[in-house]
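These notes concern the structure reproduced below.
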Amino acid sequence: MSVYNKPFLTPAELVNIHLEDKGVLFTPPFDKVFAEKTLSLINWYRFKSYLYPYLNHSTKEYVSGTEFKNGFDLYLFDCELRELCNKYILRIEVKAKSILDQVITKYLNDPFWYLCDDVFTPNKAPYQERMKIKALMEKSTQEFAVYYKNNYTSTKESYRQNPPFWIAIELMSFDSMMKLIAALDTTKFTSSGKNHLNDFATAMGANTFKEVKSWLYALKELRNKSSHSSRTWNSNYRLPSGFVDNNNNIIGNRITIRPTMKNKIYTTLIVLKIMSKTLISPSEKFEVELKNLINKYSYIHILTHSMGIPPGWDKENIWN
């Protein structure tokens with residue numbers, strides 16, 4: 001391991017020395033002035049990832065004909081993709097919390113169910129999440145929280161200051177919800193040969209509770225990248241269940257064309273499409289906005305393949 005000693009390069013030096021020496025072209029209006037201004041506003045180590053697909057790794061130079069515009073267009077596409085995904089994931093998150101509350105509270109007949117250790121896998125009761133909810137409740141100045149604090153306490157002796165779950169979901173994060181879901185003991189929700197957690201799954205557009213957990217974990221990963229402005233379009237992602245197996249062979253009947261790569265964003269976009277169709281007003285269609293976005297940047301020849309999107313994807317029934 002060596003000590004990092006690379007010198008600082010100004011935007012002008014990056015453009016006139018680093019990039020130009022490696023073969024990047026600057027064609028108006030994406031000329032050197034434009035490039036310098038761009039790199040004064042966008043961190044070089046963020047921006048370089050959008051030029052990386054055009055790098056010849058054997059020569060460490062960019063492929064002949066590579067323009068600064070190529071990286072900038074990918075950067076813009078990624079920004080718009082993040083905004084689109086976040087727009088729908090945030091709405092799905094709100095509905096997922098509400099549906100989870102309705103399904104479990106109805107089955108257990110207890111709005112404080114998340115405070116009961118016996119509904120969670122042994123040694124996995126979510127003590128930290130309960131404390132987080134308590135702290136959020138204490139700090140909250142929202143009208144519903146203030147009214148509850150002034151008039152009620154919990155039925156659980158050890159958690160008198162914790163609210164019922166229908167209030168907790170308005171305060172807690174997506175991450176906290178996922179930790180609660182992960183810790184649930186599914187055997188405690190079975191009666192008459194039916195697992196009632198599957199009601200949550202079907203309401204979300206999935207077949208089983210196990211499947212919907214996988215989908216929500218995939219959306220959580222995409223949400224984190226989108227919310228933190230991380231590179232999204234060609235990153236690696238966990239594989240949500242129900243589409244392809246670990247060998248990229250199709251399973252089930254939701255798709256007929258397998259992804260170009262199983263661990264890219266494509267299968268998570270399918271999850272987002274299914275859930276948005278199930279949970280969001282028909283007047284707003286994720287698939288239409290996604291198709292429009294990809295068509296807008298269709299001149300970027302590496303775009304869809306690097307996202308795991310196969311040729312003919314938009315003709316699949318699931319996207320229509």
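By order of appearance in the structure tokens: chains A, B, ..., then residues from 1 within every chain, and ligands from 1 in the order shown.
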Polymer residues at most 7 Å from Glu67 in chain A, only C-alpha atoms, same-chain spacing of 5 or more positions, as a PyMOL selection string: chain A and resi 24-26
Selection file, C-alpha atoms, as a tab-separated table (two decimals), in the first residue's frame:
chain	number	residue	atom	x	y	z
A	24	VAL	CA	-11.01	13.54	-24.80
A	25	LEU	CA	-12.39	15.97	-27.39
A	26	PHE	CA	-14.10	19.27	-26.60
Expected answer as a PyMOL selection string: strand (DSSP E) residues in range 103-229 of chain A: chain A and resi 190-191+194-195
Filtered DSSP result for range 10-219 of chain A, state alpha helix (DSSP H), as a VMD selection string: chain A and resid 11 to 13 20 to 21 32 to 41 44 to 51 68 to 108 127 to 139 143 to 151 165 to 171 174 to 183 197 to 203 209 to 219
Who sits within 7 Å of range 110-124 of chain A, only C-alpha atoms, same chain under 3 positions skipped, as a ChimeraX atom specification: /A:105,164-165,183-185,188
Shell around Ile250 in chain A at 12 Å using only C-alpha atoms, local window under 4 positions removed, as a VMD selection string: chain A and resid 241 to 246 254 to 260 262 267
Next, write the just-selected residues to a file, as an mmCIF file, in the first residue's frame, keeping N, CA and C atoms as the atom set.
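Writing done, so here's selection15.cif:
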data_model
loop_
_atom_site.group_PDB
_atom_site.id
_atom_site.type_symbol
_atom_site.label_atom_id
_atom_site.label_comp_id
_atom_site.auth_asym_id
_atom_site.auth_seq_id
_atom_site.Cartn_x
_atom_site.Cartn_y
_atom_site.Cartn_z
ATOM 1 N N SER A 241 -36.217 -11.027 -6.051
ATOM 2 C CA SER A 241 -36.680 -12.360 -6.438
ATOM 3 C C SER A 241 -37.891 -12.290 -7.363
ATOM 4 N N GLY A 242 -38.065 -13.362 -8.130
ATOM 5 C CA GLY A 242 -39.258 -13.483 -8.957
ATOM 6 C C GLY A 242 -39.076 -13.195 -10.426
ATOM 7 N N PHE A 243 -37.851 -12.926 -10.865
ATOM 8 C CA PHE A 243 -37.626 -12.582 -12.279
ATOM 9 C C PHE A 243 -36.580 -13.492 -12.928
ATOM 10 N N VAL A 244 -35.368 -13.485 -12.395
ATOM 11 C CA VAL A 244 -34.324 -14.401 -12.871
ATOM 12 C C VAL A 244 -33.592 -14.971 -11.665
ATOM 13 N N ASP A 245 -32.977 -16.147 -11.873
ATOM 14 C CA ASP A 245 -32.205 -16.751 -10.785
ATOM 15 C C ASP A 245 -30.765 -16.253 -10.831
ATOM 16 N N ASN A 246 -29.928 -16.827 -9.995
ATOM 17 C CA ASN A 246 -28.539 -16.361 -9.908
ATOM 18 C C ASN A 246 -27.725 -16.650 -11.166
ATOM 19 N N ARG A 254 -43.372 -13.322 -15.270
ATOM 20 C CA ARG A 254 -43.503 -11.862 -15.350
ATOM 21 C C ARG A 254 -42.748 -11.284 -16.544
ATOM 22 N N ILE A 255 -41.625 -11.890 -16.895
ATOM 23 C CA ILE A 255 -40.850 -11.417 -18.047
ATOM 24 C C ILE A 255 -40.539 -12.595 -18.965
ATOM 25 N N THR A 256 -40.281 -12.296 -20.227
ATOM 26 C CA THR A 256 -39.922 -13.341 -21.191
ATOM 27 C C THR A 256 -38.536 -13.113 -21.785
ATOM 28 N N ILE A 257 -37.980 -11.921 -21.556
ATOM 29 C CA ILE A 257 -36.636 -11.600 -22.049
ATOM 30 C C ILE A 257 -35.744 -11.340 -20.840
ATOM 31 N N ARG A 258 -34.676 -12.088 -20.709
ATOM 32 C CA ARG A 258 -33.836 -11.922 -19.527
ATOM 33 C C ARG A 258 -32.943 -10.687 -19.653
ATOM 34 N N PRO A 259 -32.552 -10.125 -18.516
ATOM 35 C CA PRO A 259 -31.697 -8.931 -18.524
ATOM 36 C C PRO A 259 -30.349 -9.214 -19.181
ATOM 37 N N THR A 260 -29.693 -8.166 -19.653
ATOM 38 C CA THR A 260 -28.339 -8.341 -20.186
ATOM 39 C C THR A 260 -27.379 -8.732 -19.072
ATOM 40 N N LYS A 262 -27.809 -9.649 -14.664
ATOM 41 C CA LYS A 262 -28.822 -9.822 -13.627
ATOM 42 C C LYS A 262 -28.698 -8.843 -12.470
ATOM 43 N N THR A 267 -33.995 -5.104 -13.168
ATOM 44 C CA THR A 267 -34.994 -5.853 -12.405
ATOM 45 C C THR A 267 -35.591 -5.010 -11.280
#
Which residues of range 195-305 of chain A sit at most 12 Å from range 168-177 of chain A, using only C-alpha atoms? Give each one's shortest atom pair and distance in Å (one decimal place), in chain and ascending residue order, as a Markdown table.
| residue | atom | partner | partner_atom | distance |
| --- | --- | --- | --- | --- |
| A:Lys213 | CA | A:Met177 | CA | 10.9 |
| A:Leu216 | CA | A:Phe174 | CA | 9.4 |
| A:Tyr217 | CA | A:Asp175 | CA | 9.3 |
| A:Ala218 | CA | A:Asp175 | CA | 12.0 |
| A:Leu219 | CA | A:Phe174 | CA | 10.0 |
| A:Lys220 | CA | A:Phe174 | CA | 7.4 |
| A:Glu221 | CA | A:Asp175 | CA | 10.0 |
| A:Arg223 | CA | A:Phe174 | CA | 9.4 |
| A:Asn224 | CA | A:Asp175 | CA | 9.7 |
For Lys97 in chain A, the nearest of the candidates A:Met204, A:Lys69, A:Glu80, A:Ser230, counting only C-alpha atoms: A:Met204
Shell around Thr186 in chain A at 10 Å using only C-alpha atoms, local window under 5 positions removed, as a list in words: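 Here the answer would be Val119, Phe120, Thr121, Ile181, Asn195, His196, Leu197, Asn198, Phe209 and Lys210 of chain A.
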Residues near range 13-19 of chain A, cut-off 12 Å, only C-alpha atoms, skip fewer than 5 positions along chain, as a VMD selection string: chain A and resid 7 to 8 24 to 26 30 to 40 43 to 45 47 to 48 51 to 52 55 60 to 63 66 to 68 71
Of the listed residues A:Ile280, A:Ile167, A:Lys194, A:Phe189, that which approaches Gln142 in chain A most closely, counting only C-alpha atoms: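 Nearest candidate to Gln142 in chain A out of A:Ile280, A:Ile167, A:Lys194, A:Phe189: A:Ile167.
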